[in-house]
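> Contents are TSV, C-alpha atoms; file name work.tsv:
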chain	number	residue	atom	x	y	z
A	249	MET	CA	207.47	-82.15	101.18
A	250	THR	CA	206.56	-81.61	104.81
A	251	ASP	CA	205.80	-77.90	105.03
A	252	SER	CA	203.99	-77.18	108.26
A	253	LEU	CA	201.93	-74.11	109.03
A	254	HIS	CA	200.08	-73.45	112.27
A	255	HIS	CA	197.17	-71.08	112.75
A	256	ARG	CA	196.94	-68.50	115.52
A	257	SER	CA	194.82	-65.37	115.51
A	258	ASP	CA	197.55	-63.12	116.95
A	259	ALA	CA	200.31	-64.41	114.65
A	260	PRO	CA	201.70	-62.45	111.69
A	261	ILE	CA	200.39	-62.45	108.14
A	262	LEU	CA	202.73	-64.46	105.93
A	263	ILE	CA	203.38	-62.91	102.50
A	264	VAL	CA	205.07	-65.43	100.23
A	265	GLY	CA	207.17	-63.41	97.83
A	266	GLY	CA	206.81	-60.50	100.22
A	267	TYR	CA	209.81	-58.58	98.87
A	268	GLY	CA	209.18	-59.13	95.16
A	269	THR	CA	207.63	-56.47	92.93
A	270	VAL	CA	204.03	-57.05	94.03
A	271	GLY	CA	204.99	-58.34	97.47
A	272	THR	CA	206.88	-55.15	98.27
A	273	ALA	CA	203.87	-53.02	97.36
A	274	LEU	CA	201.62	-55.26	99.45
A	275	THR	CA	204.03	-55.07	102.38
A	276	HIS	CA	203.90	-51.27	102.26
A	277	LEU	CA	200.09	-51.43	102.41
A	278	ALA	CA	199.72	-54.10	105.08
A	279	ALA	CA	202.60	-53.36	107.47
A	280	PRO	CA	200.92	-50.39	109.19
A	281	GLU	CA	197.97	-52.61	110.14
A	282	PHE	CA	199.31	-56.15	110.60
A	283	PRO	CA	202.41	-57.87	111.93
A	284	LEU	CA	204.04	-59.48	108.88
A	285	LEU	CA	206.34	-62.35	108.02
A	286	LEU	CA	207.91	-62.16	104.56
A	287	ALA	CA	209.18	-65.26	102.80
A	288	GLY	CA	211.05	-65.95	99.58
A	289	ARG	CA	214.03	-67.67	98.01
A	290	ASN	CA	216.62	-65.14	99.13
A	291	PRO	CA	215.88	-63.50	102.51
A	292	ASP	CA	218.82	-61.11	102.09
A	293	GLY	CA	216.87	-59.51	99.25
A	294	GLY	CA	214.12	-58.58	101.70
A	295	ALA	CA	216.30	-57.45	104.60
A	296	GLU	CA	216.03	-53.72	103.89
A	297	LEU	CA	212.26	-53.85	103.37
A	298	ALA	CA	211.85	-55.88	106.55
A	299	LYS	CA	213.95	-53.38	108.50
A	300	THR	CA	211.95	-50.44	107.14
A	301	HIS	CA	208.68	-51.89	108.42
A	302	GLY	CA	209.97	-53.75	111.46
A	303	VAL	CA	208.84	-57.14	110.14
A	304	SER	CA	210.49	-60.55	109.86
A	305	VAL	CA	211.82	-62.26	106.75
A	306	ARG	CA	212.59	-65.96	106.24
A	307	ARG	CA	213.56	-68.33	103.46
A	308	TRP	CA	210.90	-70.42	101.69
A	309	ASP	CA	211.99	-71.53	98.24
A	310	LEU	CA	209.04	-73.26	96.60
A	311	GLY	CA	211.45	-75.02	94.25
A	312	ASP	CA	213.49	-76.46	97.13
A	313	PRO	CA	212.05	-79.45	99.06
A	314	THR	CA	213.43	-78.12	102.34
A	315	PRO	CA	210.41	-77.95	104.71
A	316	PHE	CA	209.05	-74.63	105.90
A	317	ASP	CA	207.44	-74.18	109.33
A	318	ALA	CA	205.68	-71.11	110.71
A	319	THR	CA	202.79	-69.96	112.87
A	320	VAL	CA	200.63	-67.45	111.01
A	321	ARG	CA	197.23	-65.79	110.95
A	322	ALA	CA	196.76	-65.89	107.17
A	323	VAL	CA	198.85	-66.31	104.02
A	324	VAL	CA	199.00	-64.21	100.85
A	325	SER	CA	200.85	-65.79	97.92
A	326	THR	CA	202.30	-63.28	95.45
A	327	VAL	CA	204.41	-65.80	93.51
A	328	ASN	CA	203.67	-68.71	91.21
A	329	ASP	CA	203.25	-71.93	93.19
A	330	PRO	CA	203.44	-74.66	90.52
A	331	HIS	CA	203.19	-77.53	93.01
A	332	ASP	CA	200.55	-75.90	95.23
A	333	ARG	CA	202.81	-76.12	98.28
A	334	VAL	CA	201.47	-72.97	99.88
A	335	LEU	CA	197.86	-73.88	99.17
A	336	ARG	CA	198.23	-77.40	100.58
A	337	ALA	CA	200.01	-76.20	103.71
A	338	CYS	CA	197.29	-73.62	104.37
A	339	ILE	CA	194.42	-76.07	103.92
A	340	GLU	CA	196.07	-78.67	106.13
A	341	ALA	CA	196.52	-76.09	108.90
A	342	ALA	CA	193.15	-74.33	108.45
A	343	VAL	CA	194.99	-71.09	107.64
A	344	PRO	CA	193.12	-68.51	105.48
A	345	TYR	CA	194.77	-68.40	102.04
A	346	ILE	CA	194.83	-65.70	99.35
A	347	ASP	CA	196.44	-66.07	95.92
A	348	VAL	CA	196.87	-63.16	93.48
A	349	THR	CA	199.07	-64.68	90.77
A	350	ARG	CA	197.44	-67.70	89.11
A	351	TRP	CA	196.51	-67.81	85.45
A	352	ALA	CA	193.21	-69.43	84.48
A	353	GLY	CA	194.42	-73.03	84.18
A	354	ARG	CA	196.20	-72.97	87.50
A	355	LEU	CA	193.27	-71.23	89.16
A	356	ALA	CA	191.00	-74.05	87.95
A	357	ARG	CA	193.48	-76.59	89.31
A	358	ALA	CA	193.66	-74.80	92.66
A	359	ALA	CA	189.88	-74.73	92.93
A	360	THR	CA	189.73	-78.45	92.10
A	361	LEU	CA	192.41	-79.31	94.64
A	362	ALA	CA	190.79	-77.18	97.32
A	363	GLY	CA	187.42	-78.77	96.64
A	364	HIS	CA	188.98	-82.20	97.02
A	365	LEU	CA	190.76	-81.30	100.28
A	366	ALA	CA	187.61	-79.71	101.75
A	367	PRO	CA	189.17	-76.64	103.45
A	368	THR	CA	187.88	-75.51	106.84
A	369	SER	CA	189.23	-71.98	106.29
A	370	PRO	CA	188.81	-69.51	103.41
A	371	VAL	CA	190.60	-70.22	100.12
A	372	TYR	CA	190.35	-66.85	98.36
A	373	LEU	CA	191.44	-67.10	94.74
A	374	SER	CA	191.95	-63.44	93.91
A	375	SER	CA	193.89	-64.00	90.68
A	376	GLY	CA	191.70	-62.03	88.29
A	377	TRP	CA	193.57	-59.26	86.49
A	378	MET	CA	195.45	-57.06	88.97
A	379	GLY	CA	194.88	-59.15	92.08
A	380	GLY	CA	191.13	-59.34	91.56
A	381	VAL	CA	190.55	-55.59	91.24
A	382	THR	CA	188.94	-56.22	87.85
A	383	ASN	CA	186.59	-58.72	89.50
A	384	LEU	CA	185.64	-56.30	92.26
A	385	VAL	CA	184.82	-53.42	89.94
A	386	ALA	CA	182.88	-55.73	87.62
A	387	ALA	CA	180.85	-56.92	90.60
A	388	ALA	CA	180.12	-53.31	91.58
A	389	LEU	CA	178.94	-52.49	88.06
A	390	VAL	CA	176.77	-55.62	87.79
A	391	HIS	CA	175.23	-54.76	91.16
A	392	GLU	CA	174.53	-51.20	90.01
A	393	LEU	CA	172.92	-52.45	86.81
A	394	GLY	CA	170.83	-55.08	88.57
A	395	GLY	CA	172.32	-57.98	86.64
A	396	ALA	CA	174.28	-58.43	83.42
A	397	ASP	CA	174.61	-60.61	80.34
A	398	GLU	CA	178.07	-59.53	79.22
A	399	ILE	CA	181.30	-58.22	80.74
A	400	THR	CA	184.13	-56.96	78.55
A	401	THR	CA	187.46	-56.08	80.11
A	402	SER	CA	190.08	-54.08	78.22
A	403	ILE	CA	193.58	-53.67	79.63
A	404	ARG	CA	195.98	-50.88	78.70
A	405	TYR	CA	199.43	-52.16	79.65
A	406	ASP	CA	201.87	-49.29	80.14
A	407	THR	CA	205.24	-50.23	78.66
A	408	LYS	CA	206.92	-47.92	81.17
A	409	ASP	CA	205.43	-49.78	84.12
A	410	LYS	CA	207.29	-51.98	86.59
A	411	ALA	CA	206.64	-55.70	86.26
A	412	GLY	CA	207.72	-58.77	88.20
A	413	ARG	CA	209.21	-61.79	86.46
A	414	ASP	CA	206.10	-63.87	87.20
A	415	SER	CA	204.31	-61.68	84.66
A	416	VAL	CA	206.47	-63.33	81.99
A	417	ASP	CA	205.15	-66.77	82.93
A	418	PHE	CA	201.64	-65.41	82.43
A	419	MET	CA	202.32	-63.71	79.10
A	420	ASP	CA	204.38	-66.65	77.87
A	421	ARG	CA	201.16	-68.61	77.30
A	422	LEU	CA	200.21	-66.60	74.24
A	423	GLY	CA	200.54	-69.66	72.01
A	424	GLN	CA	197.82	-71.64	73.77
A	425	ASP	CA	194.15	-71.50	72.83
A	426	TYR	CA	191.66	-71.23	75.68
A	427	GLU	CA	187.96	-71.50	76.38
A	428	VAL	CA	185.52	-68.66	77.09
A	429	MET	CA	181.77	-68.28	77.24
A	430	LEU	CA	180.00	-66.56	74.36
A	431	ARG	CA	176.24	-66.04	74.65
A	432	GLY	CA	176.04	-68.87	77.14
A	433	ASN	CA	178.06	-71.39	75.13
A	434	PRO	CA	181.72	-72.43	75.56
A	435	ILE	CA	183.96	-71.64	72.60
A	436	THR	CA	187.70	-71.96	72.03
A	437	VAL	CA	189.59	-68.81	71.04
A	438	SER	CA	193.21	-67.93	70.32
A	439	PRO	CA	195.20	-65.27	72.18
A	440	LEU	CA	195.90	-62.00	70.35
A	441	THR	CA	192.90	-62.33	68.02
A	442	ASP	CA	189.61	-60.43	67.71
A	443	THR	CA	191.31	-57.02	67.87
A	444	THR	CA	189.42	-53.80	68.48
A	445	TRP	CA	190.10	-50.22	69.54
A	446	VAL	CA	189.20	-48.96	73.01
A	447	GLU	CA	189.11	-45.44	74.42
A	448	PHE	CA	191.12	-44.74	77.56
A	449	PRO	CA	191.77	-41.36	79.21
A	450	GLY	CA	193.94	-39.45	76.74
A	451	SER	CA	194.56	-42.38	74.41
A	452	ARG	CA	193.04	-44.84	71.99
A	453	THR	CA	194.45	-48.35	72.35
A	454	LYS	CA	194.32	-51.42	70.12
A	455	VAL	CA	193.53	-54.51	72.21
A	456	ALA	CA	193.37	-58.23	71.49
A	457	ARG	CA	192.25	-61.33	73.37
A	458	ILE	CA	194.22	-62.72	76.29
A	459	ASP	CA	193.55	-65.61	78.68
A	460	THR	CA	192.73	-64.35	82.20
A	461	PRO	CA	191.01	-66.00	85.19
A	462	GLU	CA	187.98	-63.70	85.35
A	463	GLN	CA	186.79	-65.05	82.00
A	464	LEU	CA	186.53	-68.42	83.73
A	465	THR	CA	184.83	-67.21	86.91
A	466	PHE	CA	182.45	-64.43	85.76
A	467	PRO	CA	179.96	-66.79	84.08
A	468	LEU	CA	179.90	-68.88	87.27
A	469	THR	CA	179.81	-66.14	89.87
A	470	LEU	CA	178.06	-63.21	88.15
A	471	ASN	CA	175.85	-65.31	85.89
A	472	VAL	CA	176.91	-63.59	82.67
A	473	GLU	CA	176.63	-65.28	79.28
A	474	THR	CA	179.68	-63.64	77.70
A	475	ALA	CA	183.03	-62.73	79.31
A	476	THR	CA	185.86	-61.27	77.26
A	477	THR	CA	189.24	-59.83	78.20
A	478	ARG	CA	191.62	-58.08	75.81
A	479	ILE	CA	194.99	-56.41	76.27
A	480	GLY	CA	196.97	-53.76	74.43
A	481	PHE	CA	200.11	-51.75	75.11
A	482	SER	CA	200.37	-48.02	75.71
A	483	SER	CA	202.55	-48.04	72.59
A	484	ASN	CA	200.52	-49.25	69.62
A	485	VAL	CA	203.83	-50.07	67.92
A	486	SER	CA	204.47	-52.61	70.72
A	487	THR	CA	200.97	-54.02	70.30
A	488	ASN	CA	201.50	-54.45	66.57
A	489	LEU	CA	204.87	-56.09	67.20
A	490	LEU	CA	203.23	-58.61	69.53
A	491	LEU	CA	200.47	-59.28	67.01
A	492	ALA	CA	203.06	-59.81	64.29
A	493	ALA	CA	204.94	-62.26	66.50
A	494	LYS	CA	201.70	-64.13	67.05
A	495	LYS	CA	200.98	-64.19	63.30
A	496	SER	CA	204.47	-65.54	62.60
A	497	GLY	CA	203.80	-68.45	64.93
A	498	LEU	CA	206.52	-67.51	67.42
A	499	PHE	CA	204.44	-68.53	70.42
A	500	ARG	CA	203.91	-71.99	68.93
A	501	TRP	CA	207.18	-72.93	67.23
A	502	GLY	CA	209.19	-70.93	69.73
A	503	ARG	CA	207.92	-72.57	72.93
A	504	GLY	CA	211.08	-74.49	73.84
A	505	ASP	CA	213.96	-73.42	76.05
A	506	ARG	CA	216.02	-72.51	72.98
A	507	PHE	CA	213.72	-69.58	72.27
A	508	THR	CA	213.10	-68.48	75.87
A	509	PRO	CA	215.47	-65.47	75.66
A	510	LEU	CA	213.73	-64.28	72.47
A	511	ARG	CA	210.25	-64.61	73.94
A	512	ARG	CA	211.23	-62.94	77.17
A	513	ALA	CA	212.96	-60.07	75.40
A	514	LEU	CA	209.69	-59.45	73.56
A	515	LEU	CA	207.42	-59.78	76.59
A	516	TYR	CA	209.47	-58.66	79.58
A	517	SER	CA	210.93	-55.17	79.49
A	518	PRO	CA	209.85	-53.49	82.74
A	519	GLY	CA	210.28	-49.78	83.06
A	520	THR	CA	210.64	-47.47	86.03
A	521	GLY	CA	206.94	-46.84	86.53
A	522	GLY	CA	203.71	-46.15	84.71
A	523	SER	CA	199.95	-45.97	85.02
A	524	ALA	CA	197.72	-49.06	85.18
A	525	GLN	CA	194.43	-48.66	83.31
A	526	ILE	CA	191.56	-51.11	82.90
A	527	ARG	CA	188.24	-50.48	81.21
A	528	ILE	CA	185.24	-52.61	82.19
A	529	ASP	CA	182.05	-52.55	80.13
A	530	VAL	CA	178.97	-54.28	81.50
A	531	SER	CA	175.64	-54.72	79.71
A	532	GLY	CA	172.39	-56.47	80.44
A	533	PRO	CA	168.60	-56.31	80.25
A	534	HIS	CA	168.54	-53.00	82.15
A	535	GLY	CA	171.12	-51.15	80.08
A	536	ALA	CA	174.88	-50.72	80.12
A	537	VAL	CA	177.50	-49.16	82.40
A	538	SER	CA	181.23	-48.64	82.03
A	539	ALA	CA	184.14	-47.66	84.22
A	540	ILE	CA	187.87	-47.14	83.79
A	541	VAL	CA	190.15	-48.08	86.65
A	542	VAL	CA	193.26	-45.91	86.82
A	543	ASP	CA	196.14	-46.40	89.23
A	544	PRO	CA	198.89	-43.83	88.65
A	545	ASN	CA	201.18	-45.96	90.82
A	546	GLY	CA	201.10	-48.81	88.31
A	547	GLN	CA	200.16	-52.45	88.05
A	548	ALA	CA	202.22	-53.72	91.00
A	549	HIS	CA	200.48	-51.27	93.33
A	550	LEU	CA	197.05	-52.06	91.87
A	551	THR	CA	197.65	-55.80	92.28
A	552	ALA	CA	198.79	-55.18	95.85
A	553	VAL	CA	195.61	-53.21	96.55
A	554	GLY	CA	193.65	-56.24	95.33
A	555	GLY	CA	195.68	-58.49	97.61
A	556	TYR	CA	195.22	-56.15	100.57
A	557	LEU	CA	191.44	-56.00	100.12
A	558	ALA	CA	191.39	-59.80	99.79
A	559	LEU	CA	193.33	-60.08	103.05
A	560	ARG	CA	190.91	-57.78	104.84
A	561	ARG	CA	188.02	-59.85	103.46
A	562	VAL	CA	189.27	-63.27	104.64
A	563	LEU	CA	189.79	-61.91	108.15
A	564	GLU	CA	186.22	-60.65	108.47
A	565	THR	CA	184.06	-62.58	110.91
A	566	ASP	CA	181.38	-63.40	108.33
A	567	MET	CA	183.85	-64.99	105.88
A	568	ARG	CA	182.91	-68.62	105.41
A	569	PRO	CA	185.34	-71.50	104.93
A	570	GLY	CA	185.86	-72.81	101.42
A	571	ILE	CA	186.61	-71.46	97.96
A	572	ALA	CA	185.73	-67.84	97.18
A	573	PHE	CA	186.38	-65.37	94.38
A	574	PRO	CA	186.63	-61.58	94.77
A	575	GLU	CA	183.53	-60.78	92.71
A	576	SER	CA	181.43	-62.61	95.32
A	577	VAL	CA	182.07	-59.80	97.81
A	578	PRO	CA	178.95	-59.27	99.98
A	579	HIS	CA	178.75	-55.48	99.53
A	580	PRO	CA	179.89	-54.66	95.98
A	581	GLU	CA	178.49	-51.14	96.28
A	582	ARG	CA	181.34	-50.31	98.69
A	583	ILE	CA	184.15	-51.40	96.39
A	584	ILE	CA	184.75	-48.19	94.47
A	585	GLY	CA	185.05	-46.19	97.69
A	586	GLU	CA	187.55	-48.72	99.07
A	587	LEU	CA	189.69	-48.48	95.94
A	588	GLU	CA	189.65	-44.69	96.03
A	589	LYS	CA	191.00	-44.75	99.59
A	590	HIS	CA	194.16	-46.30	98.12
A	591	GLY	CA	194.61	-43.78	95.35
A	592	VAL	CA	192.85	-45.83	92.67
A	593	ALA	CA	190.43	-43.79	90.54
A	594	VAL	CA	187.32	-45.38	89.05
A	595	LEU	CA	186.19	-43.09	86.23
A	596	ARG	CA	182.71	-43.34	84.77
A	597	THR	CA	182.32	-43.09	81.02
What is this structure when it is put down as structure tokens?

Amino acid sequence: MTDSLHHRSDAPILIVGGYGTVGTALTHLAAPEFPLLLAGRNPDGGAELAKTHGVSVRRWDLGDPTPFDATVRAVVSTVNDPHDRVLRACIEAAVPYIDVTRWAGRLARAATLAGHLAPTSPVYLSSGWMGGVTNLVAAALVHELGGADEITTSIRYDTKDKAGRDSVDFMDRLGQDYEVMLRGNPITVSPLTDTTWVEFPGSRTKVARIDTPEQLTFPLTLNVETATTRIGFSSNVSTNLLLAAKKSGLFRWGRGDRFTPLRRALLYSPGTGGSAQIRIDVSGPHGAVSAIVVDPNGQAHLTAVGGYLALRRVLETDMRPGIAFPESVPHPERIIGELEKHGVAVLRT
């Protein structure tokens, strides 16, 4: 593959997947401030969005070896990039790169590849839950507390919310064990285990373990000894159904293509809109603090907010080349105010 990007400071921001579920929300946020170039497999699907915002749209199918060429200021990837085409093209051209869609294993691979290629521009891996918003709020809470030993993230997934198809690829890994840090030691855990109940505004939600990138990065970046993320649905019936499917072994014996429709019917049923809610509990030698992130516009908008803040960060003059994660933001005390500007509430408990 001979994709070729070129960097220029007055060129547009390229959003790969710019008219998908998350990409559309990000386009709405970024278009008033930046010239944009949207790219995806079917440019006709983005024609109306591009016309609305007066931006350009082009074809870049990451599954098609046809080369892509463009001059850009920075790139935000809102789609899965299994062969790291976008990442490689950005590093080769010294173009700032942001990714908001990788699960933990692919984030680790991206960081390894970027380290090997020695980027001379920022590689901002903002793939923690909801485009790194979880990471940002955790960093703000750790900063407020003056350090932490443990971060627990609890996700309330609204079954009425909109969801892109890439979310299926993420959830489809529920049959694979993964590693986390517990009291400073690596342990292997299984998805959808270690259930507990968590209080959210107006509801009590059963949550269970899920593999997410921030569990990999928090011990490295925020120096915590334990990092845990759990997820539950707004409908506890749906949560129990998923737990029952796990107990039956569906995510192990049903991995093949034959069972793909069954798995996807269970995991992918997007609605017309809902509220995204995340609870983050932080504790350490100086006490404990908690916050609940609420975005009434849903998970796609919240992820887009994370991508937008990541874009603003990589374009700042003090941003250094190389690999970075959102929780390493230089002024974490400003994060909550930035989120609130975009209609995201951070409620203290």
> Would you mind reading off the distance between atom CA of Gly265 of chain A and atom CA of Gly288 of chain A, one decimal, in Å?
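Distance reported for this atom pair: 5.0 Å.
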> Using only C-alpha atoms, which residue out of A:Ala322, A:Val270, A:Ser482, A:Gly432 lies closest to Val343 of chain A?
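Nearest candidate to Val343 of chain A out of A:Ala322, A:Val270, A:Ser482, A:Gly432: A:Ala322.
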> Which residue is closest to Ala593 of chain A? Choose from A:Val381, A:Gly395, A:Thr441, A:Pro367 and count only C-alpha atoms.
A:Val381
> Rank A:Leu440, A:Lys454, A:Gly353, A:Lys495 by their smallest atom-to-atom distance to Glu427 of chain A, using only C-alpha atoms, and report the top residue only.
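The answer is A:Gly353, which sits nearest to Glu427 of chain A.
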> I'd like the neighbourhood of Ala548 of chain A as a PyMOL selection string, where a residue qualifies if any of its atoms comes within 7 Å (using only C-alpha atoms), though same-chain residues fewer than 6 positions away should be ignored.
chain A and resi 269-270+273+410-411
> Measuring between all atoms listed in the file, which one of A:Asn545, A:Thr368, A:Ser374, A:Thr476 shows the shortest distance to Leu557 of chain A?
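The closest residue to Leu557 of chain A is A:Ser374.
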> Counting only C-alpha atoms, which residues have an atom no more than 12 Å from (201.9, -60.5, 68.7) in the file's coordinates? Please list them as a PyMOL selection string.
chain A and resi 419-423+438-441+443+454-458+479-481+484-500+511+514-515
> Considering only C-alpha atoms, can you say which of A:Pro569, A:Pro461, A:Gly535, A:Pro544 comes closest to His590 of chain A?
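Nearest to His590 of chain A: A:Pro544.
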> Nearest to Ala341 of chain A: which of A:Ile263, A:Val541, A:Leu430, A:Leu253 is it, counting all atoms listed in the file?
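Using all atoms listed in the file, Ala341 of chain A sits closest to A:Leu253.
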> May I have the residues at most 10 Å from (194.9, -44.1, 88.2) in the file's coordinates, counting all atoms listed in the file, as a PyMOL selection string?
chain A and resi 449+522-526+540-547+550+588+591-595
> Between atom CA of Ala259 of chain A and atom CA of His549 of chain A, what is the spacing in Å?
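So the answer is 25.0 Å.
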> I want to know what sits within 6 Å of segment 470-475 of chain A, based on only C-alpha atoms, with residues of the same chain fewer than 4 positions away left out; could you give that as a PyMOL selection string?
chain A and resi 396-400+429-432+463+466
> Using only C-alpha atoms, please write the residues we just selected to a file, as a PDB file, keeping the file's coordinate frame.

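Below is the file that was written, part-v4.pdb:
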ATOM      1  CA  ALA A 396     174.280 -58.430  83.420  1.00  0.00           C
ATOM      2  CA  ASP A 397     174.610 -60.610  80.340  1.00  0.00           C
ATOM      3  CA  GLU A 398     178.070 -59.530  79.220  1.00  0.00           C
ATOM      4  CA  ILE A 399     181.300 -58.220  80.740  1.00  0.00           C
ATOM      5  CA  THR A 400     184.130 -56.960  78.550  1.00  0.00           C
ATOM      6  CA  MET A 429     181.770 -68.280  77.240  1.00  0.00           C
ATOM      7  CA  LEU A 430     180.000 -66.560  74.360  1.00  0.00           C
ATOM      8  CA  ARG A 431     176.240 -66.040  74.650  1.00  0.00           C
ATOM      9  CA  GLY A 432     176.040 -68.870  77.140  1.00  0.00           C
ATOM     10  CA  GLN A 463     186.790 -65.050  82.000  1.00  0.00           C
ATOM     11  CA  PHE A 466     182.450 -64.430  85.760  1.00  0.00           C
TER      12      PHE A 466
END
> Near segment 301-306 of chain A, counting only C-alpha atoms, which residues have an atom at most 8 Å away, once you skip same-chain residues fewer than 6 positions from it, shown as a ChimeraX atom specification?
/A:276,279-280,283-288,291,294-295
> Please indicate the distance in Å from atom CA of Val577 of chain A to atom CA of Ala387 of chain A, rounded to one decimal place.
7.9 Å
